[in-house]
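Student: Below is one structure. I have some questions about it.
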Amino acid sequence: MTARINPFQRKATIRVYKEILVFWALRAFTYVILAFGVLIFSIIIYKGAPAVFGSFRVDGAAPFVHNDFLFTKPQTLHVFKHDGKIVQMTSDQFLAATNPPVDNPSAAPAIDANTITDHETYSYAAGGIWPQIVGTVLLVIGSMTIALILGIFSAIYLSEYSRQSPIIHAIRLAIINLAGVPSIVFGLFGVGLFVLAFKWNVSLMAGWFTLAFMVLPVIITASEESLRAVPRGFREGSLALGATKWQTVWGNVLPYALPGILTSSILGIARVAGETAPILFTAAYATSDKLPWEMDITPASLHPGILGYLEYPFVWLHHIAFSGVNALPYHIYVVSSKIPQNEYTERVQYGTAFVFLAVVMLIALASIFLRIRLRKQVKW
């Protein structure tokens, strides 16, 4: 009995072999890109984790978090020889050891400065990165809040209210073009408008709006697509029951589009957190080692009496919004390019990069979990 031939089976032709070749070539390129990504992350984790976690103990216990690196400010590292030994101290420790105690000025210091030899200092090679972590989180939260508010309302107008016209086409084209503008151009835009024209100076407020405008095209485009993905029947049913246009959008369209909008926010978080050029011009101080809320508000700067107590929270928020900060990507830039490289600064560079990846991952995971929760609550 002869075997039956499947008439729909593809014949081994040159076109079939070309298709298979292209398929495996694209697959190989994808694996190469993934391999390089894994290699980069592996190097950062391998070299950066020891700065954050202590090495394994002799008793086999789990590694512990290095609190000095995570929760203290950057300092200068002092490396010198004393009594034939190499000693490493932070700037605070060095000042305390080479000066008499405050409570007993007549006592001799712990280390006589005249006995120190081969004294070298390394900027930013000691201490921690706590001000940079706080600055990064504040910049991401503030800029993403502004970008989501402006982006969602812009997308609602373009998707629900606008009519097809040359002006609307020009607006959409401008949004697409803005998505391809280099970040340094947004930084110069922020300097010209927010720092100089609005006189906000180098501050969190200037950094928030600069970063928000930078990710606004991504937020608008993704939000508009999410709104258009909601079935038209939801709108027609709401309007047929007597709801207004805004009530329909707010109650029957926006809740179902929020999971898609949060997806765009994840992309925006990754870009905002990793930018250096915009915050270099608008928000960051290289030598800033104070937190935004570490300020002295004297009674002279407030109105007398009960009005001063009512005014205090607003003055406090004003100081925070218009104070400069530092950030993890900017700190990496300063340590890797502005000071001499050595074994001590390498630890700070990779440790900061490791913490930066962890912070971005935590913020992105929070958006992902919120998106999953919204999808479970709203089903259609």
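Naming works like this for the structure tokens: A, B, ... for the chains as they're shown, residue 1 at the start of each chain, ligands 1 onward in shown order.
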Need to verify the contact set: range 71-79 of chain A, 7 Å, only C-alpha atoms, exclusion of same-chain residues closer than 2 positions in sequence. Can you return it as a PDB file with N, CA and C atoms, in the first residue's frame?
Tutor:
```pdb
ATOM      1  N   ASN A  67      25.077  48.559  55.998  1.00  0.00           N
ATOM      2  CA  ASN A  67      24.280  49.754  56.266  1.00  0.00           C
ATOM      3  C   ASN A  67      25.048  51.043  56.001  1.00  0.00           C
ATOM      4  N   ASP A  68      26.373  51.029  56.219  1.00  0.00           N
ATOM      5  CA  ASP A  68      27.151  52.246  56.005  1.00  0.00           C
ATOM      6  C   ASP A  68      27.109  52.676  54.549  1.00  0.00           C
ATOM      7  N   PHE A  69      27.065  51.740  53.632  1.00  0.00           N
ATOM      8  CA  PHE A  69      27.036  52.090  52.217  1.00  0.00           C
ATOM      9  C   PHE A  69      25.653  52.560  51.791  1.00  0.00           C
ATOM     10  N   ILE A  86      48.784  50.037  57.129  1.00  0.00           N
ATOM     11  CA  ILE A  86      47.960  50.843  56.234  1.00  0.00           C
ATOM     12  C   ILE A  86      46.580  50.997  56.854  1.00  0.00           C
ATOM     13  N   VAL A  87      46.147  52.236  57.047  1.00  0.00           N
ATOM     14  CA  VAL A  87      44.874  52.536  57.696  1.00  0.00           C
ATOM     15  C   VAL A  87      43.963  53.238  56.693  1.00  0.00           C
ATOM     16  N   GLN A  88      42.674  52.867  56.706  1.00  0.00           N
ATOM     17  CA  GLN A  88      41.664  53.512  55.874  1.00  0.00           C
ATOM     18  C   GLN A  88      40.597  54.108  56.779  1.00  0.00           C
ATOM     19  N   MET A  89      40.305  55.375  56.567  1.00  0.00           N
ATOM     20  CA  MET A  89      39.299  56.063  57.369  1.00  0.00           C
ATOM     21  C   MET A  89      38.472  56.986  56.487  1.00  0.00           C
ATOM     22  N   THR A  90      37.217  57.182  56.881  1.00  0.00           N
ATOM     23  CA  THR A  90      36.405  58.209  56.242  1.00  0.00           C
ATOM     24  C   THR A  90      36.846  59.573  56.739  1.00  0.00           C
ATOM     25  N   SER A  91      36.371  60.619  56.100  1.00  0.00           N
ATOM     26  CA  SER A  91      36.767  61.972  56.508  1.00  0.00           C
ATOM     27  C   SER A  91      36.309  62.285  57.926  1.00  0.00           C
ATOM     28  N   HIS A 119      50.146  59.696  53.097  1.00  0.00           N
ATOM     29  CA  HIS A 119      48.731  60.052  53.249  1.00  0.00           C
ATOM     30  C   HIS A 119      48.150  60.421  51.883  1.00  0.00           C
ATOM     31  N   GLU A 120      47.087  59.721  51.478  1.00  0.00           N
ATOM     32  CA  GLU A 120      46.394  60.004  50.220  1.00  0.00           C
ATOM     33  C   GLU A 120      44.896  60.055  50.479  1.00  0.00           C
ATOM     34  N   THR A 121      44.218  60.902  49.727  1.00  0.00           N
ATOM     35  CA  THR A 121      42.765  61.037  49.856  1.00  0.00           C
ATOM     36  C   THR A 121      42.102  60.702  48.530  1.00  0.00           C
ATOM     37  N   TYR A 122      40.911  60.097  48.621  1.00  0.00           N
ATOM     38  CA  TYR A 122      40.141  59.701  47.440  1.00  0.00           C
ATOM     39  C   TYR A 122      38.698  60.177  47.637  1.00  0.00           C
ATOM     40  N   SER A 123      38.294  61.133  46.792  1.00  0.00           N
ATOM     41  CA  SER A 123      36.942  61.700  46.910  1.00  0.00           C
ATOM     42  C   SER A 123      35.883  60.661  46.566  1.00  0.00           C
ATOM     43  N   TYR A 124      34.768  60.707  47.288  1.00  0.00           N
ATOM     44  CA  TYR A 124      33.598  59.847  47.064  1.00  0.00           C
ATOM     45  C   TYR A 124      33.903  58.353  47.208  1.00  0.00           C
ATOM     46  N   ALA A 125      35.066  57.987  47.728  1.00  0.00           N
ATOM     47  CA  ALA A 125      35.427  56.573  47.826  1.00  0.00           C
ATOM     48  C   ALA A 125      35.051  55.969  49.173  1.00  0.00           C
ATOM     49  N   ALA A 126      34.477  56.755  50.069  1.00  0.00           N
ATOM     50  CA  ALA A 126      34.064  56.253  51.383  1.00  0.00           C
ATOM     51  C   ALA A 126      32.637  56.689  51.644  1.00  0.00           C
ATOM     52  N   GLY A 127      32.106  56.221  52.763  1.00  0.00           N
ATOM     53  CA  GLY A 127      30.732  56.568  53.102  1.00  0.00           C
ATOM     54  C   GLY A 127      29.732  55.791  52.279  1.00  0.00           C
ATOM     55  N   GLY A 128      28.567  56.404  52.057  1.00  0.00           N
ATOM     56  CA  GLY A 128      27.488  55.692  51.368  1.00  0.00           C
ATOM     57  C   GLY A 128      26.831  56.536  50.302  1.00  0.00           C
ATOM     58  N   ILE A 129      25.617  56.136  49.933  1.00  0.00           N
ATOM     59  CA  ILE A 129      24.899  56.772  48.822  1.00  0.00           C
ATOM     60  C   ILE A 129      23.444  57.058  49.202  1.00  0.00           C
ATOM     61  N   TRP A 130      23.160  57.252  50.464  1.00  0.00           N
ATOM     62  CA  TRP A 130      21.788  57.470  50.889  1.00  0.00           C
ATOM     63  C   TRP A 130      21.173  58.735  50.274  1.00  0.00           C
ATOM     64  N   PRO A 131      21.860  59.890  50.227  1.00  0.00           N
ATOM     65  CA  PRO A 131      21.257  61.052  49.565  1.00  0.00           C
ATOM     66  C   PRO A 131      20.961  60.800  48.093  1.00  0.00           C
ATOM     67  N   ASP A 289      25.127  66.537  49.890  1.00  0.00           N
ATOM     68  CA  ASP A 289      25.083  65.367  50.755  1.00  0.00           C
ATOM     69  C   ASP A 289      23.986  65.476  51.809  1.00  0.00           C
TER      70      ASP A 289
END
```
Student: Please provide as a short mmCIF file (atom, residue, chain, number, x, y, z; two decimals) with N, CA and C atoms, in the first residue's frame all residues within 6 Å of range 310-325 of chain A, with the sequence filter that same-chain residues fewer than 6 positions apart are discarded (counting only C-alpha atoms).
Tutor:
```cif
data_model
loop_
_atom_site.label_atom_id
_atom_site.label_comp_id
_atom_site.auth_asym_id
_atom_site.auth_seq_id
_atom_site.Cartn_x
_atom_site.Cartn_y
_atom_site.Cartn_z
N GLY A 135 17.27 61.03 46.40
CA GLY A 135 17.10 61.93 45.27
C GLY A 135 16.54 61.23 44.05
N VAL A 202 18.43 75.47 40.15
CA VAL A 202 18.66 74.02 40.10
C VAL A 202 17.93 73.40 41.28
N SER A 203 16.84 72.70 41.00
CA SER A 203 15.97 72.24 42.08
C SER A 203 15.20 71.00 41.65
N LEU A 204 14.55 70.39 42.63
CA LEU A 204 13.70 69.25 42.34
C LEU A 204 12.57 69.62 41.39
N MET A 205 11.99 70.80 41.57
CA MET A 205 10.88 71.22 40.72
C MET A 205 11.30 71.30 39.26
N ALA A 283 18.66 69.68 38.20
CA ALA A 283 18.27 69.23 39.54
C ALA A 283 19.42 68.81 40.45
N ALA A 284 20.56 68.44 39.90
CA ALA A 284 21.57 67.75 40.69
C ALA A 284 22.72 68.65 41.09
N TYR A 285 23.19 68.45 42.32
CA TYR A 285 24.43 69.05 42.82
C TYR A 285 25.40 67.92 43.10
N PRO A 292 16.62 66.59 51.14
CA PRO A 292 15.85 67.82 50.89
C PRO A 292 15.16 68.38 52.11
N TRP A 293 14.78 67.53 53.04
CA TRP A 293 14.05 68.02 54.21
C TRP A 293 14.98 68.37 55.38
#
```
Student: Write out as a PDB file with N, CA and C atoms, in the first residue's frame all residues of range 194-287 of chain A that backbone DSSP assigns to helix (DSSP H, G or I).
Tutor:
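Heads up, here's the output in out00.pdb:
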```
ATOM      1  N   PHE A 194      12.790  76.384  32.853  1.00  0.00           N
ATOM      2  CA  PHE A 194      12.487  76.250  34.282  1.00  0.00           C
ATOM      3  C   PHE A 194      13.549  76.895  35.177  1.00  0.00           C
ATOM      4  N   VAL A 195      14.816  76.707  34.839  1.00  0.00           N
ATOM      5  CA  VAL A 195      15.881  77.222  35.707  1.00  0.00           C
ATOM      6  C   VAL A 195      16.053  78.723  35.542  1.00  0.00           C
ATOM      7  N   LEU A 196      16.058  79.206  34.287  1.00  0.00           N
ATOM      8  CA  LEU A 196      16.333  80.620  34.038  1.00  0.00           C
ATOM      9  C   LEU A 196      15.063  81.453  33.897  1.00  0.00           C
ATOM     10  N   ALA A 197      14.150  81.046  33.002  1.00  0.00           N
ATOM     11  CA  ALA A 197      12.955  81.854  32.761  1.00  0.00           C
ATOM     12  C   ALA A 197      12.021  81.860  33.977  1.00  0.00           C
ATOM     13  N   LEU A 204      14.555  70.390  42.630  1.00  0.00           N
ATOM     14  CA  LEU A 204      13.699  69.246  42.342  1.00  0.00           C
ATOM     15  C   LEU A 204      12.575  69.620  41.386  1.00  0.00           C
ATOM     16  N   MET A 205      11.986  70.803  41.570  1.00  0.00           N
ATOM     17  CA  MET A 205      10.875  71.224  40.721  1.00  0.00           C
ATOM     18  C   MET A 205      11.300  71.304  39.263  1.00  0.00           C
ATOM     19  N   ALA A 206      12.453  71.906  38.995  1.00  0.00           N
ATOM     20  CA  ALA A 206      12.950  71.988  37.618  1.00  0.00           C
ATOM     21  C   ALA A 206      13.235  70.604  37.060  1.00  0.00           C
ATOM     22  N   GLY A 207      13.810  69.720  37.879  1.00  0.00           N
ATOM     23  CA  GLY A 207      14.071  68.354  37.419  1.00  0.00           C
ATOM     24  C   GLY A 207      12.802  67.572  37.169  1.00  0.00           C
ATOM     25  N   TRP A 208      11.803  67.757  38.018  1.00  0.00           N
ATOM     26  CA  TRP A 208      10.521  67.051  37.829  1.00  0.00           C
ATOM     27  C   TRP A 208       9.906  67.382  36.476  1.00  0.00           C
ATOM     28  N   PHE A 209       9.777  68.664  36.182  1.00  0.00           N
ATOM     29  CA  PHE A 209       9.097  69.049  34.944  1.00  0.00           C
ATOM     30  C   PHE A 209       9.943  68.717  33.711  1.00  0.00           C
ATOM     31  N   THR A 210      11.256  68.819  33.815  1.00  0.00           N
ATOM     32  CA  THR A 210      12.103  68.462  32.676  1.00  0.00           C
ATOM     33  C   THR A 210      11.984  66.981  32.353  1.00  0.00           C
ATOM     34  N   LEU A 211      12.084  66.124  33.362  1.00  0.00           N
ATOM     35  CA  LEU A 211      11.961  64.687  33.134  1.00  0.00           C
ATOM     36  C   LEU A 211      10.546  64.307  32.715  1.00  0.00           C
ATOM     37  N   ALA A 212       9.546  65.000  33.276  1.00  0.00           N
ATOM     38  CA  ALA A 212       8.161  64.701  32.893  1.00  0.00           C
ATOM     39  C   ALA A 212       7.921  65.010  31.418  1.00  0.00           C
ATOM     40  N   PHE A 213       8.420  66.139  30.939  1.00  0.00           N
ATOM     41  CA  PHE A 213       8.256  66.467  29.524  1.00  0.00           C
ATOM     42  C   PHE A 213       9.034  65.510  28.631  1.00  0.00           C
ATOM     43  N   MET A 214      10.114  64.952  29.146  1.00  0.00           N
ATOM     44  CA  MET A 214      10.913  64.030  28.351  1.00  0.00           C
ATOM     45  C   MET A 214      10.174  62.722  28.094  1.00  0.00           C
ATOM     46  N   VAL A 215       9.431  62.213  29.086  1.00  0.00           N
ATOM     47  CA  VAL A 215       8.714  60.943  28.924  1.00  0.00           C
ATOM     48  C   VAL A 215       7.261  61.150  28.511  1.00  0.00           C
ATOM     49  N   LEU A 216       6.849  62.397  28.384  1.00  0.00           N
ATOM     50  CA  LEU A 216       5.457  62.677  28.035  1.00  0.00           C
ATOM     51  C   LEU A 216       5.037  62.058  26.698  1.00  0.00           C
ATOM     52  N   PRO A 217       5.860  62.074  25.649  1.00  0.00           N
ATOM     53  CA  PRO A 217       5.431  61.431  24.389  1.00  0.00           C
ATOM     54  C   PRO A 217       5.113  59.951  24.538  1.00  0.00           C
ATOM     55  N   VAL A 218       5.922  59.227  25.329  1.00  0.00           N
ATOM     56  CA  VAL A 218       5.665  57.796  25.533  1.00  0.00           C
ATOM     57  C   VAL A 218       4.355  57.596  26.279  1.00  0.00           C
ATOM     58  N   ILE A 219       4.117  58.407  27.305  1.00  0.00           N
ATOM     59  CA  ILE A 219       2.898  58.281  28.096  1.00  0.00           C
ATOM     60  C   ILE A 219       1.669  58.600  27.244  1.00  0.00           C
ATOM     61  N   ILE A 220       1.726  59.675  26.460  1.00  0.00           N
ATOM     62  CA  ILE A 220       0.575  60.068  25.638  1.00  0.00           C
ATOM     63  C   ILE A 220       0.258  58.990  24.611  1.00  0.00           C
ATOM     64  N   THR A 221       1.281  58.515  23.901  1.00  0.00           N
ATOM     65  CA  THR A 221       1.053  57.519  22.847  1.00  0.00           C
ATOM     66  C   THR A 221       0.471  56.234  23.412  1.00  0.00           C
ATOM     67  N   ALA A 222       1.071  55.715  24.484  1.00  0.00           N
ATOM     68  CA  ALA A 222       0.587  54.462  25.064  1.00  0.00           C
ATOM     69  C   ALA A 222      -0.799  54.633  25.682  1.00  0.00           C
ATOM     70  N   SER A 223      -1.039  55.769  26.321  1.00  0.00           N
ATOM     71  CA  SER A 223      -2.352  56.000  26.935  1.00  0.00           C
ATOM     72  C   SER A 223      -3.442  56.121  25.874  1.00  0.00           C
ATOM     73  N   GLU A 224      -3.136  56.797  24.765  1.00  0.00           N
ATOM     74  CA  GLU A 224      -4.122  56.921  23.695  1.00  0.00           C
ATOM     75  C   GLU A 224      -4.462  55.564  23.094  1.00  0.00           C
ATOM     76  N   GLU A 225      -3.457  54.716  22.897  1.00  0.00           N
ATOM     77  CA  GLU A 225      -3.714  53.382  22.362  1.00  0.00           C
ATOM     78  C   GLU A 225      -4.533  52.545  23.339  1.00  0.00           C
ATOM     79  N   SER A 226      -4.282  52.694  24.623  1.00  0.00           N
ATOM     80  CA  SER A 226      -5.055  51.959  25.628  1.00  0.00           C
ATOM     81  C   SER A 226      -6.508  52.410  25.643  1.00  0.00           C
ATOM     82  N   LEU A 227      -6.733  53.712  25.501  1.00  0.00           N
ATOM     83  CA  LEU A 227      -8.104  54.223  25.465  1.00  0.00           C
ATOM     84  C   LEU A 227      -8.844  53.748  24.215  1.00  0.00           C
ATOM     85  N   ARG A 228      -8.154  53.723  23.080  1.00  0.00           N
ATOM     86  CA  ARG A 228      -8.793  53.276  21.847  1.00  0.00           C
ATOM     87  C   ARG A 228      -9.078  51.780  21.864  1.00  0.00           C
ATOM     88  N   ALA A 229      -8.338  51.030  22.690  1.00  0.00           N
ATOM     89  CA  ALA A 229      -8.557  49.586  22.759  1.00  0.00           C
ATOM     90  C   ALA A 229      -9.835  49.214  23.501  1.00  0.00           C
ATOM     91  N   ARG A 232     -16.000  50.202  21.747  1.00  0.00           N
ATOM     92  CA  ARG A 232     -16.863  51.368  21.558  1.00  0.00           C
ATOM     93  C   ARG A 232     -18.233  51.170  22.192  1.00  0.00           C
ATOM     94  N   GLY A 233     -18.664  49.923  22.350  1.00  0.00           N
ATOM     95  CA  GLY A 233     -19.945  49.662  22.976  1.00  0.00           C
ATOM     96  C   GLY A 233     -20.034  50.168  24.398  1.00  0.00           C
ATOM     97  N   PHE A 234     -18.904  50.223  25.112  1.00  0.00           N
ATOM     98  CA  PHE A 234     -18.909  50.755  26.469  1.00  0.00           C
ATOM     99  C   PHE A 234     -19.310  52.226  26.461  1.00  0.00           C
ATOM    100  N   ARG A 235     -18.821  52.959  25.471  1.00  0.00           N
ATOM    101  CA  ARG A 235     -19.156  54.373  25.380  1.00  0.00           C
ATOM    102  C   ARG A 235     -20.620  54.551  24.975  1.00  0.00           C
ATOM    103  N   GLU A 236     -21.038  53.812  23.960  1.00  0.00           N
ATOM    104  CA  GLU A 236     -22.402  53.967  23.450  1.00  0.00           C
ATOM    105  C   GLU A 236     -23.438  53.571  24.492  1.00  0.00           C
ATOM    106  N   GLY A 237     -23.160  52.510  25.255  1.00  0.00           N
ATOM    107  CA  GLY A 237     -24.096  52.104  26.299  1.00  0.00           C
ATOM    108  C   GLY A 237     -24.233  53.142  27.387  1.00  0.00           C
ATOM    109  N   SER A 238     -23.086  53.745  27.778  1.00  0.00           N
ATOM    110  CA  SER A 238     -23.137  54.783  28.811  1.00  0.00           C
ATOM    111  C   SER A 238     -23.863  56.027  28.311  1.00  0.00           C
ATOM    112  N   LEU A 239     -23.584  56.439  27.088  1.00  0.00           N
ATOM    113  CA  LEU A 239     -24.260  57.619  26.535  1.00  0.00           C
ATOM    114  C   LEU A 239     -25.748  57.371  26.356  1.00  0.00           C
ATOM    115  N   ALA A 240     -26.130  56.128  26.001  1.00  0.00           N
ATOM    116  CA  ALA A 240     -27.549  55.808  25.822  1.00  0.00           C
ATOM    117  C   ALA A 240     -28.319  55.875  27.124  1.00  0.00           C
ATOM    118  N   LYS A 245     -20.481  63.064  28.282  1.00  0.00           N
ATOM    119  CA  LYS A 245     -19.242  62.600  27.667  1.00  0.00           C
ATOM    120  C   LYS A 245     -18.165  62.361  28.709  1.00  0.00           C
ATOM    121  N   TRP A 246     -18.011  63.303  29.633  1.00  0.00           N
ATOM    122  CA  TRP A 246     -16.971  63.150  30.656  1.00  0.00           C
ATOM    123  C   TRP A 246     -17.296  62.003  31.613  1.00  0.00           C
ATOM    124  N   GLN A 247     -18.552  61.864  32.000  1.00  0.00           N
ATOM    125  CA  GLN A 247     -18.928  60.741  32.865  1.00  0.00           C
ATOM    126  C   GLN A 247     -18.645  59.404  32.183  1.00  0.00           C
ATOM    127  N   THR A 248     -18.869  59.351  30.881  1.00  0.00           N
ATOM    128  CA  THR A 248     -18.585  58.114  30.142  1.00  0.00           C
ATOM    129  C   THR A 248     -17.097  57.807  30.138  1.00  0.00           C
ATOM    130  N   VAL A 249     -16.300  58.825  29.861  1.00  0.00           N
ATOM    131  CA  VAL A 249     -14.846  58.615  29.825  1.00  0.00           C
ATOM    132  C   VAL A 249     -14.331  58.243  31.202  1.00  0.00           C
ATOM    133  N   TRP A 250     -14.796  58.955  32.239  1.00  0.00           N
ATOM    134  CA  TRP A 250     -14.269  58.737  33.590  1.00  0.00           C
ATOM    135  C   TRP A 250     -14.727  57.406  34.179  1.00  0.00           C
ATOM    136  N   GLY A 251     -15.957  57.020  33.908  1.00  0.00           N
ATOM    137  CA  GLY A 251     -16.483  55.821  34.553  1.00  0.00           C
ATOM    138  C   GLY A 251     -16.478  54.568  33.711  1.00  0.00           C
ATOM    139  N   ASN A 252     -16.487  54.695  32.382  1.00  0.00           N
ATOM    140  CA  ASN A 252     -16.628  53.511  31.533  1.00  0.00           C
ATOM    141  C   ASN A 252     -15.470  53.280  30.568  1.00  0.00           C
ATOM    142  N   VAL A 253     -14.556  54.215  30.466  1.00  0.00           N
ATOM    143  CA  VAL A 253     -13.431  54.046  29.547  1.00  0.00           C
ATOM    144  C   VAL A 253     -12.099  54.012  30.298  1.00  0.00           C
ATOM    145  N   LEU A 254     -11.853  55.024  31.106  1.00  0.00           N
ATOM    146  CA  LEU A 254     -10.566  55.138  31.785  1.00  0.00           C
ATOM    147  C   LEU A 254     -10.250  53.954  32.695  1.00  0.00           C
ATOM    148  N   PRO A 255     -11.195  53.447  33.509  1.00  0.00           N
ATOM    149  CA  PRO A 255     -10.836  52.288  34.362  1.00  0.00           C
ATOM    150  C   PRO A 255     -10.359  51.078  33.573  1.00  0.00           C
ATOM    151  N   TYR A 256     -10.914  50.845  32.396  1.00  0.00           N
ATOM    152  CA  TYR A 256     -10.514  49.690  31.602  1.00  0.00           C
ATOM    153  C   TYR A 256      -9.206  49.934  30.841  1.00  0.00           C
ATOM    154  N   ALA A 257      -8.814  51.192  30.704  1.00  0.00           N
ATOM    155  CA  ALA A 257      -7.559  51.510  30.016  1.00  0.00           C
ATOM    156  C   ALA A 257      -6.383  51.663  30.974  1.00  0.00           C
ATOM    157  N   LEU A 258      -6.637  51.712  32.279  1.00  0.00           N
ATOM    158  CA  LEU A 258      -5.559  51.946  33.238  1.00  0.00           C
ATOM    159  C   LEU A 258      -4.457  50.882  33.199  1.00  0.00           C
ATOM    160  N   PRO A 259      -4.761  49.576  33.064  1.00  0.00           N
ATOM    161  CA  PRO A 259      -3.651  48.609  32.983  1.00  0.00           C
ATOM    162  C   PRO A 259      -2.682  48.907  31.849  1.00  0.00           C
ATOM    163  N   GLY A 260      -3.193  49.278  30.689  1.00  0.00           N
ATOM    164  CA  GLY A 260      -2.307  49.638  29.586  1.00  0.00           C
ATOM    165  C   GLY A 260      -1.539  50.917  29.852  1.00  0.00           C
ATOM    166  N   ILE A 261      -2.171  51.869  30.522  1.00  0.00           N
ATOM    167  CA  ILE A 261      -1.493  53.114  30.865  1.00  0.00           C
ATOM    168  C   ILE A 261      -0.355  52.848  31.841  1.00  0.00           C
ATOM    169  N   LEU A 262      -0.560  51.951  32.799  1.00  0.00           N
ATOM    170  CA  LEU A 262       0.496  51.608  33.746  1.00  0.00           C
ATOM    171  C   LEU A 262       1.659  50.916  33.057  1.00  0.00           C
ATOM    172  N   THR A 263       1.378  50.199  31.976  1.00  0.00           N
ATOM    173  CA  THR A 263       2.475  49.604  31.210  1.00  0.00           C
ATOM    174  C   THR A 263       3.380  50.685  30.648  1.00  0.00           C
ATOM    175  N   SER A 264       2.795  51.765  30.147  1.00  0.00           N
ATOM    176  CA  SER A 264       3.614  52.868  29.650  1.00  0.00           C
ATOM    177  C   SER A 264       4.379  53.544  30.778  1.00  0.00           C
ATOM    178  N   SER A 265       3.790  53.560  31.981  1.00  0.00           N
ATOM    179  CA  SER A 265       4.501  54.172  33.096  1.00  0.00           C
ATOM    180  C   SER A 265       5.746  53.384  33.456  1.00  0.00           C
ATOM    181  N   ILE A 266       5.711  52.067  33.281  1.00  0.00           N
ATOM    182  CA  ILE A 266       6.899  51.254  33.562  1.00  0.00           C
ATOM    183  C   ILE A 266       8.028  51.640  32.614  1.00  0.00           C
ATOM    184  N   LEU A 267       7.705  51.833  31.335  1.00  0.00           N
ATOM    185  CA  LEU A 267       8.718  52.276  30.378  1.00  0.00           C
ATOM    186  C   LEU A 267       9.237  53.663  30.741  1.00  0.00           C
ATOM    187  N   GLY A 268       8.338  54.532  31.195  1.00  0.00           N
ATOM    188  CA  GLY A 268       8.756  55.875  31.582  1.00  0.00           C
ATOM    189  C   GLY A 268       9.658  55.868  32.796  1.00  0.00           C
ATOM    190  N   ILE A 269       9.379  55.002  33.762  1.00  0.00           N
ATOM    191  CA  ILE A 269      10.204  54.912  34.966  1.00  0.00           C
ATOM    192  C   ILE A 269      11.630  54.522  34.604  1.00  0.00           C
ATOM    193  N   ALA A 270      11.772  53.533  33.727  1.00  0.00           N
ATOM    194  CA  ALA A 270      13.101  53.077  33.334  1.00  0.00           C
ATOM    195  C   ALA A 270      13.901  54.194  32.680  1.00  0.00           C
ATOM    196  N   ARG A 271      13.229  55.025  31.873  1.00  0.00           N
ATOM    197  CA  ARG A 271      13.953  56.109  31.216  1.00  0.00           C
ATOM    198  C   ARG A 271      14.241  57.262  32.169  1.00  0.00           C
ATOM    199  N   VAL A 272      13.274  57.636  32.974  1.00  0.00           N
ATOM    200  CA  VAL A 272      13.470  58.763  33.891  1.00  0.00           C
ATOM    201  C   VAL A 272      14.587  58.468  34.885  1.00  0.00           C
ATOM    202  N   ALA A 273      14.571  57.273  35.455  1.00  0.00           N
ATOM    203  CA  ALA A 273      15.538  56.955  36.496  1.00  0.00           C
ATOM    204  C   ALA A 273      16.959  56.886  35.960  1.00  0.00           C
ATOM    205  N   GLY A 274      17.117  56.533  34.684  1.00  0.00           N
ATOM    206  CA  GLY A 274      18.456  56.354  34.155  1.00  0.00           C
ATOM    207  C   GLY A 274      19.047  57.557  33.467  1.00  0.00           C
ATOM    208  N   ALA A 277      21.813  63.520  31.814  1.00  0.00           N
ATOM    209  CA  ALA A 277      21.933  64.866  31.241  1.00  0.00           C
ATOM    210  C   ALA A 277      20.866  65.839  31.749  1.00  0.00           C
ATOM    211  N   PRO A 278      19.567  65.468  31.768  1.00  0.00           N
ATOM    212  CA  PRO A 278      18.572  66.449  32.241  1.00  0.00           C
ATOM    213  C   PRO A 278      18.777  66.880  33.685  1.00  0.00           C
ATOM    214  N   ILE A 279      19.060  65.927  34.572  1.00  0.00           N
ATOM    215  CA  ILE A 279      19.238  66.312  35.978  1.00  0.00           C
ATOM    216  C   ILE A 279      20.579  66.997  36.193  1.00  0.00           C
ATOM    217  N   LEU A 280      21.555  66.754  35.303  1.00  0.00           N
ATOM    218  CA  LEU A 280      22.830  67.452  35.390  1.00  0.00           C
ATOM    219  C   LEU A 280      22.629  68.958  35.257  1.00  0.00           C
ATOM    220  N   PHE A 281      21.683  69.370  34.400  1.00  0.00           N
ATOM    221  CA  PHE A 281      21.432  70.796  34.167  1.00  0.00           C
ATOM    222  C   PHE A 281      20.381  71.381  35.093  1.00  0.00           C
ATOM    223  N   THR A 282      19.479  70.573  35.604  1.00  0.00           N
ATOM    224  CA  THR A 282      18.289  71.144  36.250  1.00  0.00           C
ATOM    225  C   THR A 282      18.115  70.786  37.722  1.00  0.00           C
TER     226      THR A 282
END
```
Student: Name all residues at most 8 Å from range 37-52 of chain A (count only C-alpha atoms; drop same-chain ones fewer than 4 positions away) and give them as a ChimeraX atom specification.
Tutor: /A:33,65-67,69-70,347-355
Student: Those same residues - C-alpha atoms - I'd like them written as a compact mmCIF listing (two decimals), in the first residue's frame.
Tutor:
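Below is the file that was written, selection.txt:
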```txt
# COMPACT_ATOMS: atom_id res chain seq x y z
CA ILE A 33 21.46 40.44 22.68
CA VAL A 65 23.40 44.37 54.46
CA HIS A 66 26.20 46.93 54.59
CA ASN A 67 24.28 49.75 56.27
CA PHE A 69 27.04 52.09 52.22
CA LEU A 70 23.25 52.35 51.94
CA ARG A 347 33.79 49.67 44.45
CA VAL A 348 31.62 52.79 44.70
CA GLN A 349 30.83 52.76 40.97
CA TYR A 350 29.66 49.16 40.80
CA GLY A 351 27.95 49.35 44.18
CA THR A 352 25.98 52.42 43.09
CA ALA A 353 25.05 50.75 39.78
CA PHE A 354 23.84 47.68 41.67
CA VAL A 355 21.66 49.76 44.00
```
Student: Which of range 76-258 of chain A counts as strand (DSSP E) under DSSP, as a PyMOL selection string please?
Tutor: chain A and resi 76-82+85-90+117-127
Student: State, in Å with one decimal place, the distance from CA of Gly151 in chain A to CA of Leu178 in chain A.
Tutor: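 These two atoms are separated by 13.3 Å.
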Student: Have a look at CA of Ala147 in chain A and CA of Thr244 in chain A and let me know their distance in Å, one decimal.
Tutor: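 Interatomic distance here is 26.5 Å.
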